[in-house]
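Engineer: This is data_10.cif (mmCIF, C-alpha atoms and all ligand atoms).
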data_upload
loop_
_atom_site.group_PDB
_atom_site.id
_atom_site.type_symbol
_atom_site.label_atom_id
_atom_site.label_comp_id
_atom_site.auth_asym_id
_atom_site.auth_seq_id
_atom_site.Cartn_x
_atom_site.Cartn_y
_atom_site.Cartn_z
ATOM 1 C CA MET R 16 43.890 85.306 0.774
ATOM 2 C CA THR R 17 40.780 84.358 -1.084
ATOM 3 C CA PRO R 18 37.401 85.494 0.250
ATOM 4 C CA ASP R 19 36.476 81.817 0.656
ATOM 5 C CA LEU R 20 39.311 81.161 3.049
ATOM 6 C CA MET R 21 38.559 84.357 4.934
ATOM 7 C CA ARG R 22 34.942 83.252 5.314
ATOM 8 C CA GLU R 23 36.124 79.868 6.472
ATOM 9 C CA GLY R 24 38.276 81.476 9.196
ATOM 10 C CA ALA R 25 35.463 83.752 10.345
ATOM 11 C CA ALA R 26 32.980 80.877 10.378
ATOM 12 C CA ARG R 27 35.359 78.742 12.416
ATOM 13 C CA ARG R 28 35.807 81.550 14.901
ATOM 14 C CA ALA R 29 32.035 82.125 15.219
ATOM 15 C CA ALA R 30 31.343 78.408 15.679
ATOM 16 C CA TYR R 31 34.026 78.135 18.332
ATOM 17 C CA GLU R 32 32.817 81.222 20.204
ATOM 18 C CA ALA R 33 29.273 79.804 20.228
ATOM 19 C CA ARG R 34 30.396 76.436 21.588
ATOM 20 C CA LYS R 35 32.818 77.991 24.051
ATOM 21 C CA ALA R 36 29.946 79.622 25.904
ATOM 22 C CA ALA R 37 28.801 76.152 26.954
ATOM 23 C CA LEU R 38 32.258 74.920 28.029
ATOM 24 C CA PRO R 39 33.852 75.357 31.441
ATOM 25 C CA PRO R 40 36.167 78.392 31.212
ATOM 26 C CA ARG R 41 39.924 77.962 31.068
ATOM 27 C CA PRO R 42 41.566 79.098 34.300
ATOM 28 C CA PRO R 43 42.279 82.841 34.165
ATOM 29 C CA ARG R 44 45.875 83.927 33.700
ATOM 30 C CA GLY R 45 47.495 85.600 36.663
ATOM 31 C CA GLY R 46 44.786 84.511 39.064
ATOM 32 C CA PHE R 47 42.200 86.642 40.764
ATOM 33 C CA GLY R 48 42.466 87.946 44.261
ATOM 34 C CA ARG R 49 46.155 88.621 44.434
ATOM 35 C CA PRO R 50 47.707 92.068 44.125
ATOM 36 C CA LEU R 51 48.753 93.305 40.707
ATOM 37 C CA GLN R 52 52.401 92.454 40.212
ATOM 38 C CA HIS R 53 54.859 95.082 39.055
ATOM 39 C CA LEU R 54 57.653 93.458 37.132
ATOM 40 C CA GLU R 55 60.556 94.843 35.133
ATOM 41 C CA PRO R 56 61.858 92.708 32.288
ATOM 42 C CA VAL R 57 65.571 91.941 32.163
ATOM 43 C CA PHE R 58 67.090 91.978 28.691
ATOM 44 C CA THR R 59 70.631 91.003 29.594
ATOM 45 C CA GLN R 60 70.557 88.097 27.132
ATOM 46 C CA GLY R 61 69.662 90.623 24.431
ATOM 47 C CA VAL R 62 66.271 89.012 23.958
ATOM 48 C CA ALA R 63 63.010 90.843 24.681
ATOM 49 C CA LEU R 64 60.502 88.155 23.770
ATOM 50 C CA TYR R 65 60.656 84.385 23.788
ATOM 51 C CA VAL R 66 57.837 82.399 22.208
ATOM 52 C CA GLU R 67 58.607 78.723 22.757
ATOM 53 C CA ASP R 68 56.627 75.805 21.424
ATOM 54 C CA VAL R 69 53.311 77.592 21.779
ATOM 55 C CA THR R 70 50.189 75.740 20.695
ATOM 56 C CA VAL R 71 46.684 77.195 20.692
ATOM 57 C CA SER R 72 43.720 75.197 19.521
ATOM 58 C CA PHE R 73 40.168 76.227 18.921
ATOM 59 C CA ASP R 74 37.969 73.137 18.857
ATOM 60 C CA GLY R 75 40.898 70.988 17.798
ATOM 61 C CA PHE R 76 42.027 73.372 15.051
ATOM 62 C CA LYS R 77 45.567 74.527 15.793
ATOM 63 C CA ALA R 78 45.764 78.280 15.223
ATOM 64 C CA LEU R 79 49.324 78.101 16.613
ATOM 65 C CA ASN R 80 51.155 74.832 16.214
ATOM 66 C CA SER R 81 54.305 74.617 18.316
ATOM 67 C CA LEU R 82 55.253 78.169 17.372
ATOM 68 C CA SER R 83 58.721 79.301 18.415
ATOM 69 C CA LEU R 84 60.442 82.607 17.767
ATOM 70 C CA THR R 85 62.443 85.249 19.605
ATOM 71 C CA VAL R 86 62.618 89.011 19.212
ATOM 72 C CA ASN R 87 65.693 90.897 20.352
ATOM 73 C CA ALA R 88 65.708 93.939 22.588
ATOM 74 C CA GLY R 89 65.427 97.030 20.412
ATOM 75 C CA GLU R 90 64.646 95.005 17.309
ATOM 76 C CA LEU R 91 62.076 95.981 14.686
ATOM 77 C CA ARG R 92 60.582 92.712 13.413
ATOM 78 C CA CYS R 93 58.014 92.363 10.675
ATOM 79 C CA ILE R 94 55.758 89.328 10.655
ATOM 80 C CA ILE R 95 53.979 88.406 7.464
ATOM 81 C CA GLY R 96 51.879 85.481 6.318
ATOM 82 C CA PRO R 97 48.511 84.599 4.816
ATOM 83 C CA ASN R 98 45.140 85.169 6.466
ATOM 84 C CA GLY R 99 44.618 82.678 9.244
ATOM 85 C CA ALA R 100 48.363 82.029 9.712
ATOM 86 C CA GLY R 101 48.043 82.811 13.431
ATOM 87 C CA LYS R 102 49.606 86.288 13.552
ATOM 88 C CA THR R 103 46.855 87.894 15.621
ATOM 89 C CA THR R 104 46.500 84.790 17.769
ATOM 90 C CA MET R 105 50.204 85.053 18.601
ATOM 91 C CA MET R 106 49.663 88.650 19.775
ATOM 92 C CA ASP R 107 46.626 87.524 21.774
ATOM 93 C CA CYS R 108 48.846 85.023 23.588
ATOM 94 C CA ILE R 109 51.628 87.504 24.283
ATOM 95 C CA THR R 110 49.226 90.076 25.716
ATOM 96 C CA GLY R 111 47.303 87.591 27.846
ATOM 97 C CA LYS R 112 44.044 87.684 25.905
ATOM 98 C CA THR R 113 44.357 84.013 24.956
ATOM 99 C CA SER R 114 45.897 81.216 27.007
ATOM 100 C CA PRO R 115 47.875 78.668 25.008
ATOM 101 C CA ASP R 116 47.275 74.958 25.467
ATOM 102 C CA SER R 117 51.004 74.475 25.900
ATOM 103 C CA GLY R 118 54.334 76.231 25.479
ATOM 104 C CA ARG R 119 56.155 79.097 27.131
ATOM 105 C CA LEU R 120 56.085 82.858 26.670
ATOM 106 C CA SER R 121 58.667 85.049 28.379
ATOM 107 C CA PHE R 122 59.298 88.758 28.433
ATOM 108 C CA GLY R 123 63.013 89.243 28.869
ATOM 109 C CA SER R 124 64.829 86.477 30.700
ATOM 110 C CA ASN R 125 62.823 86.828 33.890
ATOM 111 C CA ILE R 126 59.094 87.319 33.233
ATOM 112 C CA ASP R 127 56.888 84.304 32.612
ATOM 113 C CA LEU R 128 53.994 85.897 30.742
ATOM 114 C CA LEU R 129 51.756 82.894 31.304
ATOM 115 C CA ARG R 130 51.649 83.701 34.993
ATOM 116 C CA LEU R 131 50.454 87.265 34.422
ATOM 117 C CA SER R 132 47.046 88.773 33.784
ATOM 118 C CA GLU R 133 46.389 91.130 30.858
ATOM 119 C CA PRO R 134 46.811 94.306 32.963
ATOM 120 C CA GLU R 135 49.999 92.957 34.515
ATOM 121 C CA ILE R 136 51.450 92.283 31.074
ATOM 122 C CA ALA R 137 50.643 95.856 30.005
ATOM 123 C CA THR R 138 52.174 97.170 33.203
ATOM 124 C CA ALA R 139 55.334 95.138 32.641
ATOM 125 C CA GLY R 140 55.770 97.095 29.410
ATOM 126 C CA ILE R 141 54.025 95.338 26.518
ATOM 127 C CA GLY R 142 51.809 97.676 24.505
ATOM 128 C CA ARG R 143 49.466 96.593 21.736
ATOM 129 C CA LYS R 144 47.878 98.436 18.881
ATOM 130 C CA PHE R 145 44.770 96.896 17.379
ATOM 131 C CA GLN R 146 43.767 97.518 13.796
ATOM 132 C CA LYS R 147 40.890 99.863 14.566
ATOM 133 C CA PRO R 148 41.953 103.109 16.236
ATOM 134 C CA THR R 149 40.457 103.490 19.695
ATOM 135 C CA VAL R 150 40.905 107.101 20.716
ATOM 136 C CA TYR R 151 38.556 109.220 22.811
ATOM 137 C CA GLU R 152 36.811 111.069 19.969
ATOM 138 C CA ARG R 153 35.387 113.859 22.095
ATOM 139 C CA LEU R 154 38.683 114.736 23.771
ATOM 140 C CA THR R 155 41.403 116.828 22.201
ATOM 141 C CA VAL R 156 44.495 115.176 20.802
ATOM 142 C CA GLN R 157 46.538 116.493 23.708
ATOM 143 C CA ASP R 158 44.066 115.263 26.331
ATOM 144 C CA ASN R 159 44.097 111.811 24.754
ATOM 145 C CA LEU R 160 47.865 111.724 25.152
ATOM 146 C CA ALA R 161 47.740 113.172 28.655
ATOM 147 C CA MET R 162 45.309 110.436 29.733
ATOM 148 C CA SER R 163 47.762 107.812 28.527
ATOM 149 C CA LEU R 164 50.714 109.498 30.201
ATOM 150 C CA ALA R 165 48.824 109.157 33.462
ATOM 151 C CA GLY R 166 47.866 105.504 33.127
ATOM 152 C CA PRO R 167 47.246 102.620 33.092
ATOM 153 C CA ARG R 168 50.822 102.146 34.243
ATOM 154 C CA SER R 169 50.058 104.482 37.138
ATOM 155 C CA VAL R 170 47.361 104.558 39.783
ATOM 156 C CA ARG R 171 46.684 108.153 38.855
ATOM 157 C CA ALA R 172 44.763 106.861 35.842
ATOM 158 C CA SER R 173 41.535 106.631 37.766
ATOM 159 C CA LEU R 174 41.841 110.162 39.090
ATOM 160 C CA PHE R 175 41.711 111.944 35.743
ATOM 161 C CA PRO R 176 44.530 114.372 36.496
ATOM 162 C CA ALA R 177 45.213 114.854 32.834
ATOM 163 C CA MET R 178 42.066 116.706 32.026
ATOM 164 C CA SER R 179 42.805 119.881 33.949
ATOM 165 C CA GLY R 180 44.892 121.164 31.065
ATOM 166 C CA HIS R 181 47.641 122.081 33.525
ATOM 167 C CA HIS R 182 50.661 119.912 33.093
ATOM 168 C CA ASP R 183 53.811 120.150 35.150
ATOM 169 C CA GLY R 184 57.111 120.800 33.396
ATOM 170 C CA ALA R 185 58.111 117.219 32.775
ATOM 171 C CA GLU R 186 54.618 116.260 31.639
ATOM 172 C CA ALA R 187 54.346 119.237 29.290
ATOM 173 C CA ALA R 188 57.737 118.441 27.784
ATOM 174 C CA ARG R 189 56.780 114.794 27.246
ATOM 175 C CA LEU R 190 53.461 115.809 25.640
ATOM 176 C CA ASP R 191 55.300 118.151 23.326
ATOM 177 C CA GLU R 192 57.781 115.418 22.419
ATOM 178 C CA LEU R 193 54.986 112.950 21.674
ATOM 179 C CA LEU R 194 52.986 115.458 19.615
ATOM 180 C CA THR R 195 56.078 116.167 17.524
ATOM 181 C CA LEU R 196 56.864 112.484 17.091
ATOM 182 C CA ILE R 197 53.376 111.630 15.799
ATOM 183 C CA GLU R 198 53.241 114.841 13.737
ATOM 184 C CA LEU R 199 50.116 116.141 15.423
ATOM 185 C CA LYS R 200 51.504 119.221 17.092
ATOM 186 C CA SER R 201 49.396 121.584 15.018
ATOM 187 C CA SER R 202 46.301 119.531 15.910
ATOM 188 C CA ALA R 203 46.991 119.369 19.662
ATOM 189 C CA PHE R 204 43.766 121.164 20.597
ATOM 190 C CA ARG R 205 41.492 119.598 17.974
ATOM 191 C CA GLU R 206 38.952 116.991 18.949
ATOM 192 C CA ALA R 207 40.357 113.579 18.109
ATOM 193 C CA GLY R 208 37.113 112.682 16.324
ATOM 194 C CA LEU R 209 37.963 115.244 13.648
ATOM 195 C CA LEU R 210 41.276 113.642 12.685
ATOM 196 C CA SER R 211 41.784 111.610 9.508
ATOM 197 C CA HIS R 212 41.917 107.834 9.857
ATOM 198 C CA GLY R 213 45.713 107.886 9.562
ATOM 199 C CA GLN R 214 46.052 110.636 12.157
ATOM 200 C CA LYS R 215 43.852 108.682 14.561
ATOM 201 C CA GLN R 216 46.161 105.713 14.105
ATOM 202 C CA TRP R 217 49.148 107.917 14.898
ATOM 203 C CA LEU R 218 47.409 109.324 17.940
ATOM 204 C CA GLU R 219 46.820 105.826 19.189
ATOM 205 C CA ILE R 220 50.462 104.982 18.607
ATOM 206 C CA GLY R 221 51.337 108.146 20.561
ATOM 207 C CA MET R 222 49.045 106.999 23.362
ATOM 208 C CA LEU R 223 50.858 103.673 23.454
ATOM 209 C CA LEU R 224 54.243 105.394 23.486
ATOM 210 C CA ALA R 225 53.094 107.645 26.326
ATOM 211 C CA GLN R 226 53.095 104.533 28.489
ATOM 212 C CA ASP R 227 56.695 103.885 27.511
ATOM 213 C CA PRO R 228 56.313 100.233 26.532
ATOM 214 C CA LYS R 229 59.444 98.191 26.033
ATOM 215 C CA LEU R 230 57.753 95.950 23.507
ATOM 216 C CA LEU R 231 55.173 97.244 21.034
ATOM 217 C CA LEU R 232 52.890 94.904 19.113
ATOM 218 C CA LEU R 233 51.304 96.454 16.045
ATOM 219 C CA ASP R 234 48.672 94.480 14.161
ATOM 220 C CA GLU R 235 48.122 95.824 10.629
ATOM 221 C CA PRO R 236 48.924 99.413 11.634
ATOM 222 C CA VAL R 237 48.673 100.907 8.131
ATOM 223 C CA ALA R 238 45.398 99.299 7.060
ATOM 224 C CA GLY R 239 43.259 102.064 5.557
ATOM 225 C CA MET R 240 46.061 104.622 5.441
ATOM 226 C CA THR R 241 46.975 106.624 2.352
ATOM 227 C CA ASP R 242 50.329 105.893 0.684
ATOM 228 C CA GLU R 243 51.834 108.995 2.198
ATOM 229 C CA GLU R 244 50.551 108.186 5.692
ATOM 230 C CA THR R 245 51.893 104.649 5.298
ATOM 231 C CA GLU R 246 55.334 105.940 4.390
ATOM 232 C CA ARG R 247 55.400 108.303 7.343
ATOM 233 C CA THR R 248 54.297 105.503 9.658
ATOM 234 C CA ALA R 249 57.277 103.457 8.515
ATOM 235 C CA GLU R 250 59.575 106.388 9.279
ATOM 236 C CA LEU R 251 58.022 106.693 12.740
ATOM 237 C CA PHE R 252 58.544 102.987 13.511
ATOM 238 C CA LEU R 253 62.107 103.110 12.227
ATOM 239 C CA SER R 254 62.791 106.032 14.560
ATOM 240 C CA LEU R 255 61.599 103.924 17.521
ATOM 241 C CA GLU R 256 63.943 101.028 16.783
ATOM 242 C CA GLY R 257 66.594 100.624 19.434
ATOM 243 C CA GLN R 258 64.600 102.312 22.188
ATOM 244 C CA HIS R 259 61.715 99.852 21.903
ATOM 245 C CA SER R 260 61.282 96.377 20.499
ATOM 246 C CA LEU R 261 58.612 96.395 17.812
ATOM 247 C CA VAL R 262 56.673 93.514 16.302
ATOM 248 C CA VAL R 263 54.761 94.659 13.230
ATOM 249 C CA VAL R 264 52.240 92.440 11.444
ATOM 250 C CA GLU R 265 51.343 93.697 7.979
ATOM 251 C CA HIS R 266 50.091 92.553 4.588
ATOM 252 C CA ASP R 267 51.239 95.751 2.822
ATOM 253 C CA MET R 268 54.513 94.536 1.311
ATOM 254 C CA LYS R 269 55.688 97.976 0.276
ATOM 255 C CA PHE R 270 55.452 99.037 3.886
ATOM 256 C CA VAL R 271 57.166 95.828 5.037
ATOM 257 C CA GLY R 272 59.918 96.547 2.516
ATOM 258 C CA GLN R 273 60.431 100.041 3.895
ATOM 259 C CA LEU R 274 60.626 98.694 7.451
ATOM 260 C CA ALA R 275 62.785 95.666 6.740
ATOM 261 C CA GLY R 276 65.236 97.428 4.434
ATOM 262 C CA THR R 277 68.091 95.176 3.435
ATOM 263 C CA HIS R 278 69.228 93.935 6.823
ATOM 264 C CA ARG R 279 66.289 93.442 9.223
ATOM 265 C CA LYS R 280 64.825 90.031 9.895
ATOM 266 C CA VAL R 281 61.335 89.168 8.661
ATOM 267 C CA THR R 282 59.337 86.193 9.932
ATOM 268 C CA VAL R 283 56.813 84.373 7.766
ATOM 269 C CA LEU R 284 54.046 82.540 9.612
ATOM 270 C CA HIS R 285 51.963 79.828 8.019
ATOM 271 C CA GLU R 286 49.530 77.426 9.671
ATOM 272 C CA GLY R 287 50.598 78.480 13.134
ATOM 273 C CA GLN R 288 54.305 77.931 12.574
ATOM 274 C CA VAL R 289 57.346 79.814 11.324
ATOM 275 C CA LEU R 290 57.634 78.951 7.647
ATOM 276 C CA ALA R 291 60.688 81.103 6.975
ATOM 277 C CA GLU R 292 62.774 83.742 8.664
ATOM 278 C CA GLY R 293 65.558 85.946 7.402
ATOM 279 C CA LYS R 294 66.251 89.089 5.443
ATOM 280 C CA LEU R 295 63.323 90.180 3.291
ATOM 281 C CA ALA R 296 65.134 89.309 0.053
ATOM 282 C CA GLU R 297 65.814 85.829 1.409
ATOM 283 C CA VAL R 298 62.244 85.064 2.414
ATOM 284 C CA GLN R 299 60.957 86.568 -0.838
ATOM 285 C CA ALA R 300 63.166 84.143 -2.728
ATOM 286 C CA ASP R 301 61.952 81.171 -0.676
ATOM 287 C CA GLU R 302 59.743 79.031 -2.902
ATOM 288 C CA ARG R 303 57.532 77.917 -0.040
ATOM 289 C CA VAL R 304 56.852 81.543 0.882
ATOM 290 C CA VAL R 305 56.039 82.413 -2.714
ATOM 291 C CA GLU R 306 53.752 79.402 -2.851
ATOM 292 C CA VAL R 307 51.683 80.156 0.257
ATOM 293 C CA TYR R 308 51.757 83.925 0.307
ATOM 294 C CA LEU R 309 53.722 86.197 -1.947
ATOM 295 C CA GLY R 310 52.998 84.484 -5.228
ATOM 296 C CA ARG R 311 49.294 85.067 -5.137
HETATM 297 N N1 LIG R 401 38.637 83.025 19.024
HETATM 298 C C1 LIG R 401 38.762 82.176 18.015
HETATM 299 N N2 LIG R 401 37.942 81.132 17.884
HETATM 300 C C2 LIG R 401 38.072 80.248 16.890
HETATM 301 N N3 LIG R 401 38.981 80.333 15.918
HETATM 302 C C3 LIG R 401 39.809 81.342 15.984
HETATM 303 C C4 LIG R 401 39.763 82.336 17.015
HETATM 304 N N4 LIG R 401 40.745 83.235 16.797
HETATM 305 C C5 LIG R 401 41.361 82.834 15.682
HETATM 306 N N5 LIG R 401 40.810 81.701 15.200
HETATM 307 C C6 LIG R 401 41.235 80.978 14.001
HETATM 308 O O1 LIG R 401 42.605 80.766 14.080
HETATM 309 C C7 LIG R 401 43.241 80.970 12.826
HETATM 310 C C8 LIG R 401 44.296 82.045 12.951
HETATM 311 O O2 LIG R 401 43.638 83.285 13.064
HETATM 312 P P1 LIG R 401 44.432 84.651 13.221
HETATM 313 O O3 LIG R 401 43.386 85.688 13.399
HETATM 314 O O4 LIG R 401 45.457 84.524 14.253
HETATM 315 O O5 LIG R 401 45.121 84.781 11.796
HETATM 316 P P2 LIG R 401 45.965 85.996 11.198
HETATM 317 O O6 LIG R 401 47.275 85.443 10.783
HETATM 318 O O7 LIG R 401 45.961 87.136 12.137
HETATM 319 O O8 LIG R 401 45.122 86.342 9.882
HETATM 320 P P3 LIG R 401 44.805 87.759 9.177
HETATM 321 O O9 LIG R 401 45.986 88.052 8.304
HETATM 322 O O10 LIG R 401 43.566 87.478 8.390
HETATM 323 O O11 LIG R 401 44.584 88.779 10.244
HETATM 324 C C9 LIG R 401 42.108 81.316 11.849
HETATM 325 O O12 LIG R 401 41.730 80.148 11.176
HETATM 326 C C10 LIG R 401 41.002 81.789 12.750
HETATM 327 O O13 LIG R 401 39.725 81.542 12.202
HETATM 328 MG MG MG R 402 45.180 89.062 12.080
#
Just give me the structure as structure tokens.
Structural biologist:
Amino acid sequence: MTPDLMREGAARRAAYEARKAALPPRPPRGGFGRPLQHLEPVFTQGVALYVEDVTVSFDGFKALNSLSLTVNAGELRCIIGPNGAGKTTMMDCITGKTSPDSGRLSFGSNIDLLRLSEPEIATAGIGRKFQKPTVYERLTVQDNLAMSLAGPRSVRASLFPAMSGHHDGAEAARLDELLTLIELKSSAFREAGLLSHGQKQWLEIGMLLAQDPKLLLLDEPVAGMTDEETERTAELFLSLEGQHSLVVVEHDMKFVGQLAGTHRKVTVLHEGQVLAEGKLAEVQADERVVEVYLGR
């Protein structure tokens, strides 16, 4: 996207944030004062995520405009589209950060996400990776993972059990498995702050996986990675397919190509709606997609 349009998006966001401070707040999702709900999604219909007719407006501008899509259980779905298409806003809605004006969001066939708070949504099994890695720089790689194993899906989180360095059998085995998966076994006892950017991203993905999410949302996970790191990240995500549902937003089309292969579905968002959906070759051949995104 052109720098002009990017500036326009950022300016719109800043103006809205400034005005929002003066407005009465939208009612919080989930509601305060009631106990945190523990819910298990049911995927018997084969669908992990339903986004139905979701509209989000910021000062009248529709960042999502009646957006509808579904993601199957165990599916690896790439979402592409120009800057400002609404990709991050969609993730904000799924994770409870933003409340839509209208529409429905369900996790499995039984969980109405609009009734849950952000922590409840995480506890139900939706994990999110932001673009910037957020690891505890002063802790070792292993301690970062151990902290995530302990919480926030468990009350033990607040008790810092992970830091003792003594892990019981099951915990030690899981740590080992995670370290191998994210290829950081030889760095287990290094401070996370000393890792490369790509390794920090992997550590954060490992920290998400430690909480065993059923649905993983990854927003531009390979931004700033080297080509080799990007390729290995694709291999990692492909290895998670089936056990987790993954929604990956990326602009790096080589990476998207590696993930989508010849048979996986790709969704193209534009102006808060699904512009096209299908196999990568199909959406790449779609003139409207070329026009708004790929052709530039
Ligand atoms: N909090 C906000 N306040 C006002 N406008 C916002 C806010 N969040 C997003 N927007 C606007 O909504 C539109 C969609 O933004 P979003 O960040 O979802 O796009 P995106 O598809 O993730 O783009 P990119 O590829 O650049 O990350 C943009 O025009 C953006 O400026
Ligand atoms: Mg975004």
Engineer: What is the CA of Gly293 (chain R)-CA of Leu261 (chain R) distance in Å, reported with one decimal?
Structural biologist: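 Going from CA of Gly293 (chain R) over to CA of Leu261 (chain R), I get 16.3 Å.
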Engineer: Give me the result of the PyMOL selection byres (((not hetatm)) within 10 of (chain R and resi 402)) on this file, residue by residue, as a VMD selection string.
Structural biologist: chain R and resid 95 to 107 145 to 146 234 to 235 264 to 266
Engineer: Using all atoms listed in the file, which protein or nucleic acid residues come within 8 Å of region 189-195 of chain R? Drop anything in the same chain fewer than 6 positions from it, and give the result as a list in words.
Structural biologist: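 Close residues of region 189-195 of chain R: Gln157, Leu160, Ala161, Ala203, Gly221, Leu224 and Ala225 of chain R.
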Engineer: Dump C-alpha atoms for the selected residues as an mmCIF file, in the coordinates of the input?
Structural biologist:
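Result file result_11.cif:
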data_model
loop_
_atom_site.group_PDB
_atom_site.id
_atom_site.type_symbol
_atom_site.label_atom_id
_atom_site.label_comp_id
_atom_site.auth_asym_id
_atom_site.auth_seq_id
_atom_site.Cartn_x
_atom_site.Cartn_y
_atom_site.Cartn_z
ATOM 1 C CA GLN R 157 46.538 116.493 23.708
ATOM 2 C CA LEU R 160 47.865 111.724 25.152
ATOM 3 C CA ALA R 161 47.740 113.172 28.655
ATOM 4 C CA ALA R 203 46.991 119.369 19.662
ATOM 5 C CA GLY R 221 51.337 108.146 20.561
ATOM 6 C CA LEU R 224 54.243 105.394 23.486
ATOM 7 C CA ALA R 225 53.094 107.645 26.326
#
Engineer: For CA of Ile197 (chain R) and CA of Leu64 (chain R), quote the distance in Å rounded to one decimal.
Structural biologist: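 That distance, rounded to one decimal, is 25.8 Å.
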Engineer: Just the residues within 10 Å of Asp267 (chain R), please, counting only C-alpha atoms, with nothing from its chain fewer than 5 positions along; format it as a list in words.
Structural biologist: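 The residues satisfying every condition are Ile95, Glu235, Pro236, Val237, Ala238, Thr245 and Gly272 of chain R.
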Engineer: How would the residues just picked look written out with C-alpha atoms as an mmCIF file, keeping the file's coordinate frame?
Structural biologist:
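See again-v5.cif below for the written result:
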data_model
loop_
_atom_site.group_PDB
_atom_site.id
_atom_site.type_symbol
_atom_site.label_atom_id
_atom_site.label_comp_id
_atom_site.auth_asym_id
_atom_site.auth_seq_id
_atom_site.Cartn_x
_atom_site.Cartn_y
_atom_site.Cartn_z
ATOM 1 C CA ILE R 95 53.979 88.406 7.464
ATOM 2 C CA GLU R 235 48.122 95.824 10.629
ATOM 3 C CA PRO R 236 48.924 99.413 11.634
ATOM 4 C CA VAL R 237 48.673 100.907 8.131
ATOM 5 C CA ALA R 238 45.398 99.299 7.060
ATOM 6 C CA THR R 245 51.893 104.649 5.298
ATOM 7 C CA GLY R 272 59.918 96.547 2.516
#
Engineer: On this structure, which residues satisfy the PyMOL selection byres (((chain R and resi 280-290) around 6) and not hetatm), written as a list in words?
Structural biologist: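 Answer for the PyMOL selection byres (((chain R and resi 280-290) around 6) and not hetatm): Ala78, Leu79, Asn80, Leu82, Arg92, Cys93, Ile94, Ile95, Gly96, Ala100, Gly101, Arg279, Ala291, Glu292, Gly293, Lys294 and Leu295 of chain R.
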Engineer: One decimal, in Å: what's the spacing between CA of Lys144 (chain R) and CA of Leu233 (chain R)?
Structural biologist: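 Computed distance, CA of Lys144 (chain R) to CA of Leu233 (chain R), equals 4.9 Å.
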Engineer: Skipping near chain neighbours, those fewer than 4 positions away, what residues fall within 8 Å of region 113-130 of chain R using all atoms listed in the file, listed as a compact mmCIF listing (two decimals) with C-alpha atoms, in the frame of the given file?
Structural biologist:
# COMPACT_ATOMS: atom_id res chain seq x y z
CA ARG R 41 39.92 77.96 31.07
CA ARG R 44 45.88 83.93 33.70
CA GLY R 45 47.50 85.60 36.66
CA LEU R 54 57.65 93.46 37.13
CA GLU R 55 60.56 94.84 35.13
CA PRO R 56 61.86 92.71 32.29
CA VAL R 57 65.57 91.94 32.16
CA PHE R 58 67.09 91.98 28.69
CA THR R 59 70.63 91.00 29.59
CA GLN R 60 70.56 88.10 27.13
CA VAL R 62 66.27 89.01 23.96
CA ALA R 63 63.01 90.84 24.68
CA LEU R 64 60.50 88.16 23.77
CA TYR R 65 60.66 84.38 23.79
CA VAL R 66 57.84 82.40 22.21
CA GLU R 67 58.61 78.72 22.76
CA ASP R 68 56.63 75.81 21.42
CA VAL R 69 53.31 77.59 21.78
CA THR R 70 50.19 75.74 20.70
CA VAL R 71 46.68 77.19 20.69
CA SER R 72 43.72 75.20 19.52
CA SER R 81 54.30 74.62 18.32
CA THR R 104 46.50 84.79 17.77
CA ASP R 107 46.63 87.52 21.77
CA CYS R 108 48.85 85.02 23.59
CA ILE R 109 51.63 87.50 24.28
CA ILE R 136 51.45 92.28 31.07
Engineer: Hey, could you pull the box centre and edge lengths for region 203-208 of chain R, axis-aligned, 8 Å padding per side, all listed atoms, to one decimal in Å, as lines of an AutoDock Vina configuration file?
Structural biologist:
center_x = 42.1
center_y = 116.9
center_z = 18.5
size_x = 25.9
size_y = 24.5
size_z = 20.3
Engineer: Measuring between only C-alpha atoms and all ligand atoms, which one of R:Thr149, R:Asp227, R:Tyr308, R:Arg247 shows the shortest distance to ligand LIG 401 (chain R)?
Structural biologist: R:Tyr308
